[in-house]
>>> print(open('coords.pdb').read())   # PDB, N, CA and C atoms, pLDDT in the B column
ATOM      1  N   MET J   1      12.856  10.607 -17.948  1.00 58.00           N
ATOM      2  CA  MET J   1      11.576  10.030 -17.616  1.00 58.00           C
ATOM      3  C   MET J   1      11.324  10.240 -16.145  1.00 58.00           C
ATOM      4  N   TRP J   2      10.081  10.506 -15.798  1.00 61.00           N
ATOM      5  CA  TRP J   2       9.678  10.669 -14.411  1.00 61.00           C
ATOM      6  C   TRP J   2       8.250  10.201 -14.243  1.00 61.00           C
ATOM      7  N   ARG J   3       7.896   9.793 -13.025  1.00 66.00           N
ATOM      8  CA  ARG J   3       6.509   9.423 -12.739  1.00 66.00           C
ATOM      9  C   ARG J   3       5.765  10.675 -12.305  1.00 66.00           C
ATOM     10  N   CYS J   4       4.619  10.868 -12.845  1.00 71.00           N
ATOM     11  CA  CYS J   4       3.785  12.011 -12.522  1.00 71.00           C
ATOM     12  C   CYS J   4       2.475  11.494 -11.929  1.00 71.00           C
ATOM     13  N   ALA J   5       2.029  12.077 -10.833  1.00 73.00           N
ATOM     14  CA  ALA J   5       0.751  11.681 -10.239  1.00 73.00           C
ATOM     15  C   ALA J   5      -0.370  12.313 -11.052  1.00 73.00           C
ATOM     16  N   ALA J   6      -1.091  11.497 -11.791  1.00 76.00           N
ATOM     17  CA  ALA J   6      -2.192  11.976 -12.620  1.00 76.00           C
ATOM     18  C   ALA J   6      -3.437  12.234 -11.783  1.00 76.00           C
ATOM     19  N   ALA J   7      -3.600  11.508 -10.681  1.00 78.00           N
ATOM     20  CA  ALA J   7      -4.733  11.699  -9.778  1.00 78.00           C
ATOM     21  C   ALA J   7      -4.314  11.223  -8.395  1.00 78.00           C
ATOM     22  N   TRP J   8      -4.806  11.913  -7.348  1.00 88.00           N
ATOM     23  CA  TRP J   8      -4.441  11.547  -5.994  1.00 88.00           C
ATOM     24  C   TRP J   8      -5.601  11.826  -5.041  1.00 88.00           C
ATOM     25  N   PRO J   9      -6.698  11.075  -5.148  1.00 92.00           N
ATOM     26  CA  PRO J   9      -7.813  11.280  -4.213  1.00 92.00           C
ATOM     27  C   PRO J   9      -7.477  10.704  -2.832  1.00 92.00           C
ATOM     28  N   ILE J  10      -7.835  11.447  -1.793  1.00 95.00           N
ATOM     29  CA  ILE J  10      -7.594  11.031  -0.407  1.00 95.00           C
ATOM     30  C   ILE J  10      -8.926  11.044   0.334  1.00 95.00           C
ATOM     31  N   ASP J  11      -9.236   9.942   0.998  1.00 97.00           N
ATOM     32  CA  ASP J  11     -10.434   9.855   1.843  1.00 97.00           C
ATOM     33  C   ASP J  11      -9.996  10.007   3.290  1.00 97.00           C
ATOM     34  N   TYR J  12     -10.334  11.156   3.888  1.00 97.00           N
ATOM     35  CA  TYR J  12     -10.037  11.401   5.291  1.00 97.00           C
ATOM     36  C   TYR J  12     -11.221  10.875   6.087  1.00 97.00           C
ATOM     37  N   LEU J  13     -10.996   9.914   6.969  1.00 98.00           N
ATOM     38  CA  LEU J  13     -12.079   9.255   7.685  1.00 98.00           C
ATOM     39  C   LEU J  13     -12.209   9.704   9.131  1.00 98.00           C
ATOM     40  N   GLN J  14     -11.089   9.868   9.819  1.00 97.00           N
ATOM     41  CA  GLN J  14     -11.114  10.373  11.187  1.00 97.00           C
ATOM     42  C   GLN J  14      -9.731  10.837  11.588  1.00 97.00           C
ATOM     43  N   ALA J  15      -9.691  11.622  12.671  1.00 96.00           N
ATOM     44  CA  ALA J  15      -8.443  12.237  13.104  1.00 96.00           C
ATOM     45  C   ALA J  15      -7.607  11.290  13.964  1.00 96.00           C
ATOM     46  N   ALA J  16      -6.309  11.460  13.850  1.00 95.00           N
ATOM     47  CA  ALA J  16      -5.399  10.873  14.830  1.00 95.00           C
ATOM     48  C   ALA J  16      -5.283  11.897  15.954  1.00 95.00           C
ATOM     49  N   ARG J  17      -5.034  11.407  17.148  1.00 94.00           N
ATOM     50  CA  ARG J  17      -4.893  12.295  18.296  1.00 94.00           C
ATOM     51  C   ARG J  17      -3.469  12.216  18.834  1.00 94.00           C
ATOM     52  N   ARG J  18      -3.065  13.261  19.516  1.00 95.00           N
ATOM     53  CA  ARG J  18      -1.732  13.284  20.109  1.00 95.00           C
ATOM     54  C   ARG J  18      -1.506  12.011  20.919  1.00 95.00           C
ATOM     55  N   GLY J  19      -0.397  11.385  20.697  1.00 96.00           N
ATOM     56  CA  GLY J  19      -0.064  10.162  21.418  1.00 96.00           C
ATOM     57  C   GLY J  19      -0.508   8.880  20.717  1.00 96.00           C
ATOM     58  N   ASP J  20      -1.356   9.003  19.665  1.00 96.00           N
ATOM     59  CA  ASP J  20      -1.787   7.805  18.932  1.00 96.00           C
ATOM     60  C   ASP J  20      -0.600   7.152  18.231  1.00 96.00           C
ATOM     61  N   LEU J  21      -0.550   5.852  18.290  1.00 98.00           N
ATOM     62  CA  LEU J  21       0.415   5.088  17.508  1.00 98.00           C
ATOM     63  C   LEU J  21      -0.270   4.779  16.183  1.00 98.00           C
ATOM     64  N   ILE J  22       0.312   5.249  15.081  1.00 98.00           N
ATOM     65  CA  ILE J  22      -0.289   5.014  13.768  1.00 98.00           C
ATOM     66  C   ILE J  22       0.715   4.315  12.867  1.00 98.00           C
ATOM     67  N   GLU J  23       0.203   3.668  11.820  1.00 98.00           N
ATOM     68  CA  GLU J  23       1.069   3.051  10.823  1.00 98.00           C
ATOM     69  C   GLU J  23       0.523   3.348   9.442  1.00 98.00           C
ATOM     70  N   ALA J  24       1.435   3.381   8.496  1.00 98.00           N
ATOM     71  CA  ALA J  24       1.082   3.622   7.103  1.00 98.00           C
ATOM     72  C   ALA J  24       1.456   2.390   6.291  1.00 98.00           C
ATOM     73  N   ALA J  25       0.603   2.034   5.354  1.00 97.00           N
ATOM     74  CA  ALA J  25       0.873   0.929   4.441  1.00 97.00           C
ATOM     75  C   ALA J  25       0.658   1.416   3.019  1.00 97.00           C
ATOM     76  N   THR J  26       1.406   0.867   2.101  1.00 95.00           N
ATOM     77  CA  THR J  26       1.232   1.192   0.687  1.00 95.00           C
ATOM     78  C   THR J  26       1.471  -0.064  -0.140  1.00 95.00           C
ATOM     79  N   TRP J  27       0.763  -0.172  -1.240  1.00 94.00           N
ATOM     80  CA  TRP J  27       0.920  -1.331  -2.111  1.00 94.00           C
ATOM     81  C   TRP J  27       0.495  -0.959  -3.524  1.00 94.00           C
ATOM     82  N   ILE J  28       1.028  -1.674  -4.489  1.00 92.00           N
ATOM     83  CA  ILE J  28       0.702  -1.456  -5.895  1.00 92.00           C
ATOM     84  C   ILE J  28      -0.509  -2.319  -6.237  1.00 92.00           C
ATOM     85  N   VAL J  29      -1.538  -1.681  -6.789  1.00 93.00           N
ATOM     86  CA  VAL J  29      -2.778  -2.371  -7.125  1.00 93.00           C
ATOM     87  C   VAL J  29      -2.770  -2.831  -8.580  1.00 93.00           C
ATOM     88  N   SER J  30      -2.276  -1.985  -9.459  1.00 90.00           N
ATOM     89  CA  SER J  30      -2.242  -2.345 -10.871  1.00 90.00           C
ATOM     90  C   SER J  30      -1.094  -1.613 -11.557  1.00 90.00           C
ATOM     91  N   ALA J  31      -0.616  -2.210 -12.618  1.00 89.00           N
ATOM     92  CA  ALA J  31       0.415  -1.603 -13.462  1.00 89.00           C
ATOM     93  C   ALA J  31       0.297  -2.249 -14.833  1.00 89.00           C
ATOM     94  N   ASP J  32       0.264  -1.427 -15.851  1.00 89.00           N
ATOM     95  CA  ASP J  32       0.111  -1.992 -17.193  1.00 89.00           C
ATOM     96  C   ASP J  32       1.442  -2.361 -17.837  1.00 89.00           C
ATOM     97  N   GLY J  33       2.565  -2.051 -17.145  1.00 85.00           N
ATOM     98  CA  GLY J  33       3.879  -2.388 -17.689  1.00 85.00           C
ATOM     99  C   GLY J  33       4.311  -1.486 -18.821  1.00 85.00           C
ATOM    100  N   ARG J  34       3.488  -0.493 -19.138  1.00 86.00           N
ATOM    101  CA  ARG J  34       3.809   0.423 -20.244  1.00 86.00           C
ATOM    102  C   ARG J  34       3.856   1.866 -19.753  1.00 86.00           C
ATOM    103  N   LEU J  35       2.699   2.417 -19.345  1.00 84.00           N
ATOM    104  CA  LEU J  35       2.611   3.838 -19.005  1.00 84.00           C
ATOM    105  C   LEU J  35       2.151   4.105 -17.573  1.00 84.00           C
ATOM    106  N   ARG J  36       1.257   3.273 -17.042  1.00 87.00           N
ATOM    107  CA  ARG J  36       0.541   3.603 -15.809  1.00 87.00           C
ATOM    108  C   ARG J  36       0.771   2.596 -14.686  1.00 87.00           C
ATOM    109  N   ALA J  37       0.629   3.123 -13.470  1.00 89.00           N
ATOM    110  CA  ALA J  37       0.641   2.278 -12.273  1.00 89.00           C
ATOM    111  C   ALA J  37      -0.279   2.925 -11.244  1.00 89.00           C
ATOM    112  N   GLU J  38      -0.948   2.107 -10.457  1.00 92.00           N
ATOM    113  CA  GLU J  38      -1.824   2.601  -9.394  1.00 92.00           C
ATOM    114  C   GLU J  38      -1.323   2.066  -8.064  1.00 92.00           C
ATOM    115  N   ARG J  39      -1.181   2.963  -7.101  1.00 92.00           N
ATOM    116  CA  ARG J  39      -0.715   2.613  -5.762  1.00 92.00           C
ATOM    117  C   ARG J  39      -1.769   3.077  -4.764  1.00 92.00           C
ATOM    118  N   ARG J  40      -1.998   2.266  -3.740  1.00 95.00           N
ATOM    119  CA  ARG J  40      -2.942   2.632  -2.671  1.00 95.00           C
ATOM    120  C   ARG J  40      -2.189   2.813  -1.364  1.00 95.00           C
ATOM    121  N   PHE J  41      -2.798   3.600  -0.477  1.00 96.00           N
ATOM    122  CA  PHE J  41      -2.230   3.898   0.835  1.00 96.00           C
ATOM    123  C   PHE J  41      -3.314   3.751   1.893  1.00 96.00           C
ATOM    124  N   GLN J  42      -2.917   3.380   3.087  1.00 98.00           N
ATOM    125  CA  GLN J  42      -3.830   3.326   4.223  1.00 98.00           C
ATOM    126  C   GLN J  42      -3.069   3.805   5.458  1.00 98.00           C
ATOM    127  N   ILE J  43      -3.694   4.702   6.209  1.00 98.00           N
ATOM    128  CA  ILE J  43      -3.168   5.159   7.489  1.00 98.00           C
ATOM    129  C   ILE J  43      -4.139   4.651   8.547  1.00 98.00           C
ATOM    130  N   ARG J  44      -3.627   3.926   9.543  1.00 98.00           N
ATOM    131  CA  ARG J  44      -4.524   3.397  10.571  1.00 98.00           C
ATOM    132  C   ARG J  44      -3.933   3.553  11.957  1.00 98.00           C
ATOM    133  N   ARG J  45      -4.826   3.635  12.934  1.00 98.00           N
ATOM    134  CA  ARG J  45      -4.439   3.699  14.337  1.00 98.00           C
ATOM    135  C   ARG J  45      -4.204   2.269  14.802  1.00 98.00           C
ATOM    136  N   VAL J  46      -3.028   1.983  15.361  1.00 97.00           N
ATOM    137  CA  VAL J  46      -2.634   0.618  15.687  1.00 97.00           C
ATOM    138  C   VAL J  46      -3.497  -0.033  16.777  1.00 97.00           C
ATOM    139  N   PRO J  47      -3.717   0.606  17.930  1.00 95.00           N
ATOM    140  CA  PRO J  47      -4.408  -0.112  19.013  1.00 95.00           C
ATOM    141  C   PRO J  47      -5.793  -0.655  18.653  1.00 95.00           C
ATOM    142  N   ASP J  48      -6.590   0.137  17.922  1.00 96.00           N
ATOM    143  CA  ASP J  48      -7.948  -0.331  17.593  1.00 96.00           C
ATOM    144  C   ASP J  48      -8.118  -0.694  16.125  1.00 96.00           C
ATOM    145  N   GLY J  49      -7.071  -0.516  15.308  1.00 97.00           N
ATOM    146  CA  GLY J  49      -7.135  -0.876  13.895  1.00 97.00           C
ATOM    147  C   GLY J  49      -7.986   0.051  13.042  1.00 97.00           C
ATOM    148  N   ALA J  50      -8.429   1.180  13.602  1.00 98.00           N
ATOM    149  CA  ALA J  50      -9.293   2.104  12.853  1.00 98.00           C
ATOM    150  C   ALA J  50      -8.529   2.734  11.690  1.00 98.00           C
ATOM    151  N   THR J  51      -9.139   2.723  10.514  1.00 98.00           N
ATOM    152  CA  THR J  51      -8.551   3.389   9.353  1.00 98.00           C
ATOM    153  C   THR J  51      -8.827   4.880   9.468  1.00 98.00           C
ATOM    154  N   LEU J  52      -7.766   5.677   9.426  1.00 98.00           N
ATOM    155  CA  LEU J  52      -7.886   7.127   9.537  1.00 98.00           C
ATOM    156  C   LEU J  52      -7.965   7.791   8.166  1.00 98.00           C
ATOM    157  N   ALA J  53      -7.271   7.232   7.196  1.00 98.00           N
ATOM    158  CA  ALA J  53      -7.277   7.793   5.840  1.00 98.00           C
ATOM    159  C   ALA J  53      -6.908   6.701   4.845  1.00 98.00           C
ATOM    160  N   ARG J  54      -7.441   6.860   3.633  1.00 98.00           N
ATOM    161  CA  ARG J  54      -7.091   6.008   2.498  1.00 98.00           C
ATOM    162  C   ARG J  54      -6.789   6.925   1.323  1.00 98.00           C
ATOM    163  N   ALA J  55      -5.890   6.505   0.486  1.00 96.00           N
ATOM    164  CA  ALA J  55      -5.561   7.295  -0.699  1.00 96.00           C
ATOM    165  C   ALA J  55      -5.231   6.362  -1.853  1.00 96.00           C
ATOM    166  N   ARG J  56      -5.335   6.925  -3.044  1.00 94.00           N
ATOM    167  CA  ARG J  56      -5.004   6.198  -4.271  1.00 94.00           C
ATOM    168  C   ARG J  56      -4.234   7.169  -5.161  1.00 94.00           C
ATOM    169  N   VAL J  57      -3.159   6.688  -5.750  1.00 92.00           N
ATOM    170  CA  VAL J  57      -2.382   7.511  -6.675  1.00 92.00           C
ATOM    171  C   VAL J  57      -2.281   6.781  -8.001  1.00 92.00           C
ATOM    172  N   ASP J  58      -2.620   7.477  -9.068  1.00 89.00           N
ATOM    173  CA  ASP J  58      -2.432   6.966 -10.426  1.00 89.00           C
ATOM    174  C   ASP J  58      -1.204   7.654 -10.995  1.00 89.00           C
ATOM    175  N   TYR J  59      -0.165   6.871 -11.270  1.00 87.00           N
ATOM    176  CA  TYR J  59       1.064   7.409 -11.839  1.00 87.00           C
ATOM    177  C   TYR J  59       1.086   7.189 -13.347  1.00 87.00           C
ATOM    178  N   VAL J  60       1.667   8.153 -14.053  1.00 88.00           N
ATOM    179  CA  VAL J  60       1.910   8.044 -15.492  1.00 88.00           C
ATOM    180  C   VAL J  60       3.370   8.418 -15.715  1.00 88.00           C
ATOM    181  N   CYS J  61       4.080   7.665 -16.541  1.00 87.00           N
ATOM    182  CA  CYS J  61       5.465   7.983 -16.871  1.00 87.00           C
ATOM    183  C   CYS J  61       5.491   9.112 -17.890  1.00 87.00           C
ATOM    184  N   ILE J  62       6.301  10.126 -17.602  1.00 87.00           N
ATOM    185  CA  ILE J  62       6.372  11.330 -18.436  1.00 87.00           C
ATOM    186  C   ILE J  62       7.809  11.525 -18.915  1.00 87.00           C
ATOM    187  N   ASN J  63       7.967  11.846 -20.194  1.00 86.00           N
ATOM    188  CA  ASN J  63       9.258  12.235 -20.747  1.00 86.00           C
ATOM    189  C   ASN J  63       9.503  13.686 -20.334  1.00 86.00           C
ATOM    190  N   LEU J  64      10.574  13.934 -19.586  1.00 86.00           N
ATOM    191  CA  LEU J  64      10.831  15.286 -19.073  1.00 86.00           C
ATOM    192  C   LEU J  64      11.141  16.294 -20.166  1.00 86.00           C
ATOM    193  N   ASP J  65      11.681  15.850 -21.296  1.00 89.00           N
ATOM    194  CA  ASP J  65      11.991  16.780 -22.382  1.00 89.00           C
ATOM    195  C   ASP J  65      10.742  17.222 -23.132  1.00 89.00           C
ATOM    196  N   SER J  66       9.842  16.281 -23.410  1.00 89.00           N
ATOM    197  CA  SER J  66       8.660  16.610 -24.217  1.00 89.00           C
ATOM    198  C   SER J  66       7.417  16.895 -23.374  1.00 89.00           C
ATOM    199  N   GLY J  67       7.412  16.408 -22.129  1.00 86.00           N
ATOM    200  CA  GLY J  67       6.222  16.576 -21.294  1.00 86.00           C
ATOM    201  C   GLY J  67       5.103  15.609 -21.652  1.00 86.00           C
ATOM    202  N   ARG J  68       5.387  14.647 -22.488  1.00 88.00           N
ATOM    203  CA  ARG J  68       4.371  13.691 -22.936  1.00 88.00           C
ATOM    204  C   ARG J  68       4.554  12.342 -22.239  1.00 88.00           C
ATOM    205  N   ALA J  69       3.457  11.601 -22.186  1.00 87.00           N
ATOM    206  CA  ALA J  69       3.510  10.247 -21.625  1.00 87.00           C
ATOM    207  C   ALA J  69       4.502   9.419 -22.432  1.00 87.00           C
ATOM    208  N   THR J  70       5.243   8.561 -21.736  1.00 89.00           N
ATOM    209  CA  THR J  70       6.242   7.733 -22.384  1.00 89.00           C
ATOM    210  C   THR J  70       6.239   6.336 -21.764  1.00 89.00           C
ATOM    211  N   ARG J  71       6.764   5.417 -22.478  1.00 89.00           N
ATOM    212  CA  ARG J  71       6.815   4.026 -22.002  1.00 89.00           C
ATOM    213  C   ARG J  71       7.663   3.924 -20.737  1.00 89.00           C
ATOM    214  N   MET J  72       7.208   3.108 -19.810  1.00 86.00           N
ATOM    215  CA  MET J  72       7.888   2.846 -18.554  1.00 86.00           C
ATOM    216  C   MET J  72       9.210   2.129 -18.839  1.00 86.00           C
ATOM    217  N   PRO J  73      10.309   2.532 -18.199  1.00 85.00           N
ATOM    218  CA  PRO J  73      11.556   1.793 -18.383  1.00 85.00           C
ATOM    219  C   PRO J  73      11.374   0.340 -17.928  1.00 85.00           C
ATOM    220  N   GLU J  74      12.123  -0.554 -18.517  1.00 87.00           N
ATOM    221  CA  GLU J  74      12.022  -1.981 -18.192  1.00 87.00           C
ATOM    222  C   GLU J  74      12.195  -2.234 -16.698  1.00 87.00           C
ATOM    223  N   SER J  75      13.124  -1.502 -16.066  1.00 85.00           N
ATOM    224  CA  SER J  75      13.354  -1.699 -14.630  1.00 85.00           C
ATOM    225  C   SER J  75      12.110  -1.340 -13.812  1.00 85.00           C
ATOM    226  N   PHE J  76      11.358  -0.315 -14.223  1.00 81.00           N
ATOM    227  CA  PHE J  76      10.107   0.053 -13.548  1.00 81.00           C
ATOM    228  C   PHE J  76       9.054  -1.021 -13.792  1.00 81.00           C
ATOM    229  N   ALA J  77       8.941  -1.456 -15.030  1.00 83.00           N
ATOM    230  CA  ALA J  77       7.923  -2.456 -15.379  1.00 83.00           C
ATOM    231  C   ALA J  77       8.113  -3.738 -14.557  1.00 83.00           C
ATOM    232  N   ARG J  78       9.370  -4.112 -14.319  1.00 85.00           N
ATOM    233  CA  ARG J  78       9.646  -5.310 -13.506  1.00 85.00           C
ATOM    234  C   ARG J  78       9.349  -5.064 -12.041  1.00 85.00           C
ATOM    235  N   ALA J  79       9.613  -3.847 -11.546  1.00 84.00           N
ATOM    236  CA  ALA J  79       9.432  -3.539 -10.118  1.00 84.00           C
ATOM    237  C   ALA J  79       7.975  -3.216  -9.760  1.00 84.00           C
ATOM    238  N   TYR J  80       7.235  -2.601 -10.664  1.00 82.00           N
ATOM    239  CA  TYR J  80       5.873  -2.172 -10.375  1.00 82.00           C
ATOM    240  C   TYR J  80       4.880  -3.273 -10.747  1.00 82.00           C
ATOM    241  N   VAL J  81       4.753  -4.217  -9.861  1.00 83.00           N
ATOM    242  CA  VAL J  81       3.801  -5.317 -10.060  1.00 83.00           C
ATOM    243  C   VAL J  81       2.797  -5.291  -8.920  1.00 83.00           C
ATOM    244  N   PRO J  82       1.554  -5.624  -9.182  1.00 87.00           N
ATOM    245  CA  PRO J  82       0.527  -5.605  -8.123  1.00 87.00           C
ATOM    246  C   PRO J  82       0.913  -6.491  -6.938  1.00 87.00           C
ATOM    247  N   THR J  83       0.657  -5.944  -5.735  1.00 79.00           N
ATOM    248  CA  THR J  83       0.998  -6.659  -4.512  1.00 79.00           C
ATOM    249  C   THR J  83      -0.214  -6.875  -3.617  1.00 79.00           C
ATOM    250  N   GLY J  84      -1.372  -6.358  -3.985  1.00 62.00           N
ATOM    251  CA  GLY J  84      -2.578  -6.500  -3.167  1.00 62.00           C
ATOM    252  C   GLY J  84      -3.645  -5.564  -3.670  1.00 62.00           C
ATOM    253  N   SER J  85      -4.779  -5.558  -2.979  1.00 55.00           N
ATOM    254  CA  SER J  85      -5.868  -4.670  -3.402  1.00 55.00           C
ATOM    255  C   SER J  85      -6.464  -3.947  -2.236  1.00 55.00           C
TER
END
>>> encode(input="coords.pdb", output="C-alpha coordinates")
Amino acid sequence: MWRCAAAWPIDYLQAARRGDLIEAATWIVSADGRLRAERRFQIRRVPDGATLARARVDYVCINLDSGRATRMPESFARAYVPTGS
(Lines of atoms letter the chains of each structure in order from A and count residues from 1; the text may use other names and numbers.)
(Lines give C-alpha, C1' and ligand atoms only; values in the text may rest on other atoms or scores of the structure.)
Protein backbone atom coordinates (compact mmCIF):
# COMPACT_ATOMS: atom_id res chain seq x y z
CA MET A 1 0.00 0.00 0.00
CA TRP A 2 1.17 3.51 -0.76
CA ARG A 3 -0.29 7.01 -0.75
CA CYS A 4 -0.63 8.53 -4.18
CA ALA A 5 -1.20 12.25 -4.78
CA ALA A 6 -4.39 12.34 -6.83
CA ALA A 7 -4.27 16.15 -7.15
CA TRP A 8 -1.75 18.80 -6.13
CA PRO A 9 -2.81 22.35 -7.04
CA ILE A 10 -0.36 25.08 -5.96
CA ASP A 11 -1.22 28.79 -5.75
CA TYR A 12 1.94 30.84 -6.22
CA LEU A 13 1.22 34.29 -4.78
CA GLN A 14 4.57 36.09 -4.62
CA ALA A 15 8.30 35.48 -4.67
CA ALA A 16 10.65 35.00 -1.78
CA ARG A 17 13.83 37.02 -2.10
CA ARG A 18 17.39 36.15 -1.19
CA GLY A 19 17.81 36.55 2.54
CA ASP A 20 14.07 36.20 3.33
CA LEU A 21 13.27 34.14 6.39
CA ILE A 22 10.41 31.83 5.39
CA GLU A 23 8.46 29.08 7.12
CA ALA A 24 6.36 26.21 5.88
CA ALA A 25 3.29 24.81 7.60
CA THR A 26 1.23 21.74 6.78
CA TRP A 27 -1.91 20.27 8.28
CA ILE A 28 -4.52 17.62 7.53
CA VAL A 29 -7.87 19.11 6.53
CA SER A 30 -9.92 15.98 5.99
CA ALA A 31 -9.59 12.21 6.01
CA ASP A 32 -12.34 9.70 5.46
CA GLY A 33 -10.52 6.94 7.39
CA ARG A 34 -10.90 4.64 4.39
CA LEU A 35 -9.27 5.79 1.13
CA ARG A 36 -8.61 9.54 1.05
CA ALA A 37 -6.90 12.32 2.96
CA GLU A 38 -6.43 16.01 2.16
CA ARG A 39 -3.43 17.98 3.38
CA ARG A 40 -2.82 21.73 2.99
CA PHE A 41 0.44 23.66 2.90
CA GLN A 42 1.36 27.31 3.37
CA ILE A 43 4.70 29.02 2.72
CA ARG A 44 5.02 32.47 4.28
CA ARG A 45 7.61 35.16 4.81
CA VAL A 46 8.16 35.49 8.57
CA PRO A 47 8.86 39.23 9.08
CA ASP A 48 5.67 40.51 7.41
CA GLY A 49 3.56 37.32 7.51
CA ALA A 50 2.94 37.47 3.74
CA THR A 51 1.75 34.18 2.24
CA LEU A 52 4.01 33.29 -0.68
CA ALA A 53 2.33 30.04 -1.74
CA ARG A 54 -0.51 27.72 -0.77
CA ALA A 55 -1.02 24.14 -1.85
CA ARG A 56 -3.46 21.30 -1.36
CA VAL A 57 -2.78 17.60 -1.82
CA ASP A 58 -5.45 14.94 -2.12
CA TYR A 59 -4.00 11.54 -1.24
CA VAL A 60 -5.51 8.18 -2.15
CA CYS A 61 -4.23 4.85 -0.79
CA ILE A 62 -3.13 2.56 -3.62
CA ASN A 63 -2.41 -1.18 -3.59
CA LEU A 64 1.04 -1.44 -5.21
CA ASP A 65 0.33 -4.90 -6.66
CA SER A 66 -2.97 -4.07 -8.37
CA GLY A 67 -2.62 -0.31 -8.84
CA ARG A 68 -6.14 0.14 -7.47
CA ALA A 69 -7.43 2.23 -4.59
CA THR A 70 -7.39 0.29 -1.33
CA ARG A 71 -8.50 0.80 2.23
CA MET A 72 -6.19 2.85 4.44
CA PRO A 73 -4.30 0.77 7.02
CA GLU A 74 -5.64 1.21 10.56
CA SER A 75 -2.41 2.95 11.62
CA PHE A 76 -2.91 5.58 8.87
CA ALA A 77 -6.58 6.04 9.71
CA ARG A 78 -5.65 6.77 13.35
CA ALA A 79 -2.80 9.15 12.39
CA TYR A 80 -4.52 11.05 9.56
CA VAL A 81 -7.05 13.13 11.44
CA PRO A 82 -7.96 16.74 10.62
CA THR A 83 -5.85 19.29 12.48
CA GLY A 84 -7.12 22.59 11.02
CA SER A 85 -8.46 24.26 7.91
>>> resolve_selection(input="coords.pdb", expression="the PyMOL selection byres ((chain J and resi 46) around 7)", output="ChimeraX atom specification")
/J:20-23,44-45,47-50
>>> resolve_selection(input="coords.pdb", expression="the PyMOL selection byres (((chain J and resi 14-17 and name CA) around 8) and name CA)", output="number ranges by chain")
J: 12-13, 18-20, 22, 45, 51-53
>>> closest_residue(input="coords.pdb", among="J:Thr26, J:Pro82, J:Gln42, J:Leu35", to="Ile62 (chain J)", atoms="only N, CA and C atoms")
J:Leu35
>>> select_by_dssp(input="coords.pdb", residues="chain J", states="alpha helix (DSSP H)", output="list in words")
Glu74, Ser75, Phe76, Ala77, Arg78 and Ala79 of chain J
>>> resolve_selection(input="coords.pdb", expression="the PyMOL selection byres (((chain J and resi 10 and name CA) around 10) and name CA)", output="ChimeraX atom specification")
/J:7-9,11-13,40-42,53-57
>>> atom_distance(input="coords.pdb", atom1="CA of Ala5 (chain J)", atom2="CA of Val60 (chain J)")
6.5 Å
>>> residues_around(input="coords.pdb", residues="Gly33 (chain J)", least_positions_apart="2", cutoff="12 Å", atoms="only C-alpha atoms", output="list in words")
Ser30, Ala31, Leu35, Arg36, Ala37, Glu38, Tyr59, Val60, Cys61, Thr70, Arg71, Met72, Pro73, Glu74, Ser75, Phe76, Ala77, Arg78, Ala79, Tyr80, Val81 and Pro82 of chain J
>>> atom_distance(input="coords.pdb", atom1="atom C of Arg39 (chain J)", atom2="atom N of Asp58 (chain J)")
6.2 Å
>>> atom_distance(input="coords.pdb", atom1="CA of Val29 (chain J)", atom2="CA of Ala69 (chain J)")
20.2 Å
>>> select_by_dssp(input="coords.pdb", residues="chain J", states="strand (DSSP E)", output="VMD selection string")
chain J and resid 2 to 7 10 to 12 22 to 31 36 to 45 51 to 62
>>> build_atoms(input="coords.pdb", residues="region 4-11 of chain J", atoms="all heavy atoms", output="short mmCIF file (atom, residue, chain, number, x, y, z; two decimals), in the frame of the given file")
data_model
loop_
_atom_site.label_atom_id
_atom_site.label_comp_id
_atom_site.auth_asym_id
_atom_site.auth_seq_id
_atom_site.Cartn_x
_atom_site.Cartn_y
_atom_site.Cartn_z
N CYS J 4 4.62 10.87 -12.84
CA CYS J 4 3.78 12.01 -12.52
C CYS J 4 2.48 11.49 -11.93
O CYS J 4 1.88 10.57 -12.46
CB CYS J 4 3.51 12.81 -13.79
SG CYS J 4 2.36 14.16 -13.56
N ALA J 5 2.03 12.08 -10.83
CA ALA J 5 0.75 11.68 -10.24
C ALA J 5 -0.37 12.31 -11.05
O ALA J 5 -0.55 13.52 -11.04
CB ALA J 5 0.67 12.11 -8.78
N ALA J 6 -1.09 11.50 -11.79
CA ALA J 6 -2.19 11.98 -12.62
C ALA J 6 -3.44 12.23 -11.78
O ALA J 6 -4.26 13.07 -12.12
CB ALA J 6 -2.50 10.97 -13.72
N ALA J 7 -3.60 11.51 -10.68
CA ALA J 7 -4.73 11.70 -9.78
C ALA J 7 -4.31 11.22 -8.40
O ALA J 7 -3.56 10.25 -8.27
CB ALA J 7 -5.94 10.91 -10.25
N TRP J 8 -4.81 11.91 -7.35
CA TRP J 8 -4.44 11.55 -5.99
C TRP J 8 -5.60 11.83 -5.04
O TRP J 8 -5.53 12.70 -4.19
CB TRP J 8 -3.21 12.33 -5.56
CG TRP J 8 -2.54 11.77 -4.34
CD1 TRP J 8 -3.13 11.24 -3.23
CD2 TRP J 8 -1.15 11.69 -4.10
NE1 TRP J 8 -2.20 10.85 -2.32
CE2 TRP J 8 -0.96 11.11 -2.83
CE3 TRP J 8 -0.03 12.06 -4.83
CZ2 TRP J 8 0.29 10.89 -2.27
CZ3 TRP J 8 1.21 11.83 -4.28
CH2 TRP J 8 1.36 11.25 -3.03
N PRO J 9 -6.70 11.08 -5.15
CA PRO J 9 -7.81 11.28 -4.21
C PRO J 9 -7.48 10.70 -2.83
O PRO J 9 -6.89 9.63 -2.72
CB PRO J 9 -8.97 10.52 -4.85
CG PRO J 9 -8.34 9.54 -5.76
CD PRO J 9 -7.01 10.11 -6.17
N ILE J 10 -7.84 11.45 -1.79
CA ILE J 10 -7.59 11.03 -0.41
C ILE J 10 -8.93 11.04 0.33
O ILE J 10 -9.65 12.04 0.30
CB ILE J 10 -6.60 11.97 0.29
CG1 ILE J 10 -5.26 11.98 -0.45
CG2 ILE J 10 -6.42 11.57 1.75
CD1 ILE J 10 -4.29 13.04 0.04
N ASP J 11 -9.24 9.94 1.00
CA ASP J 11 -10.43 9.86 1.84
C ASP J 11 -10.00 10.01 3.29
O ASP J 11 -9.34 9.12 3.84
CB ASP J 11 -11.14 8.50 1.68
CG ASP J 11 -11.67 8.29 0.28
OD1 ASP J 11 -12.14 9.27 -0.31
OD2 ASP J 11 -11.60 7.15 -0.21
#
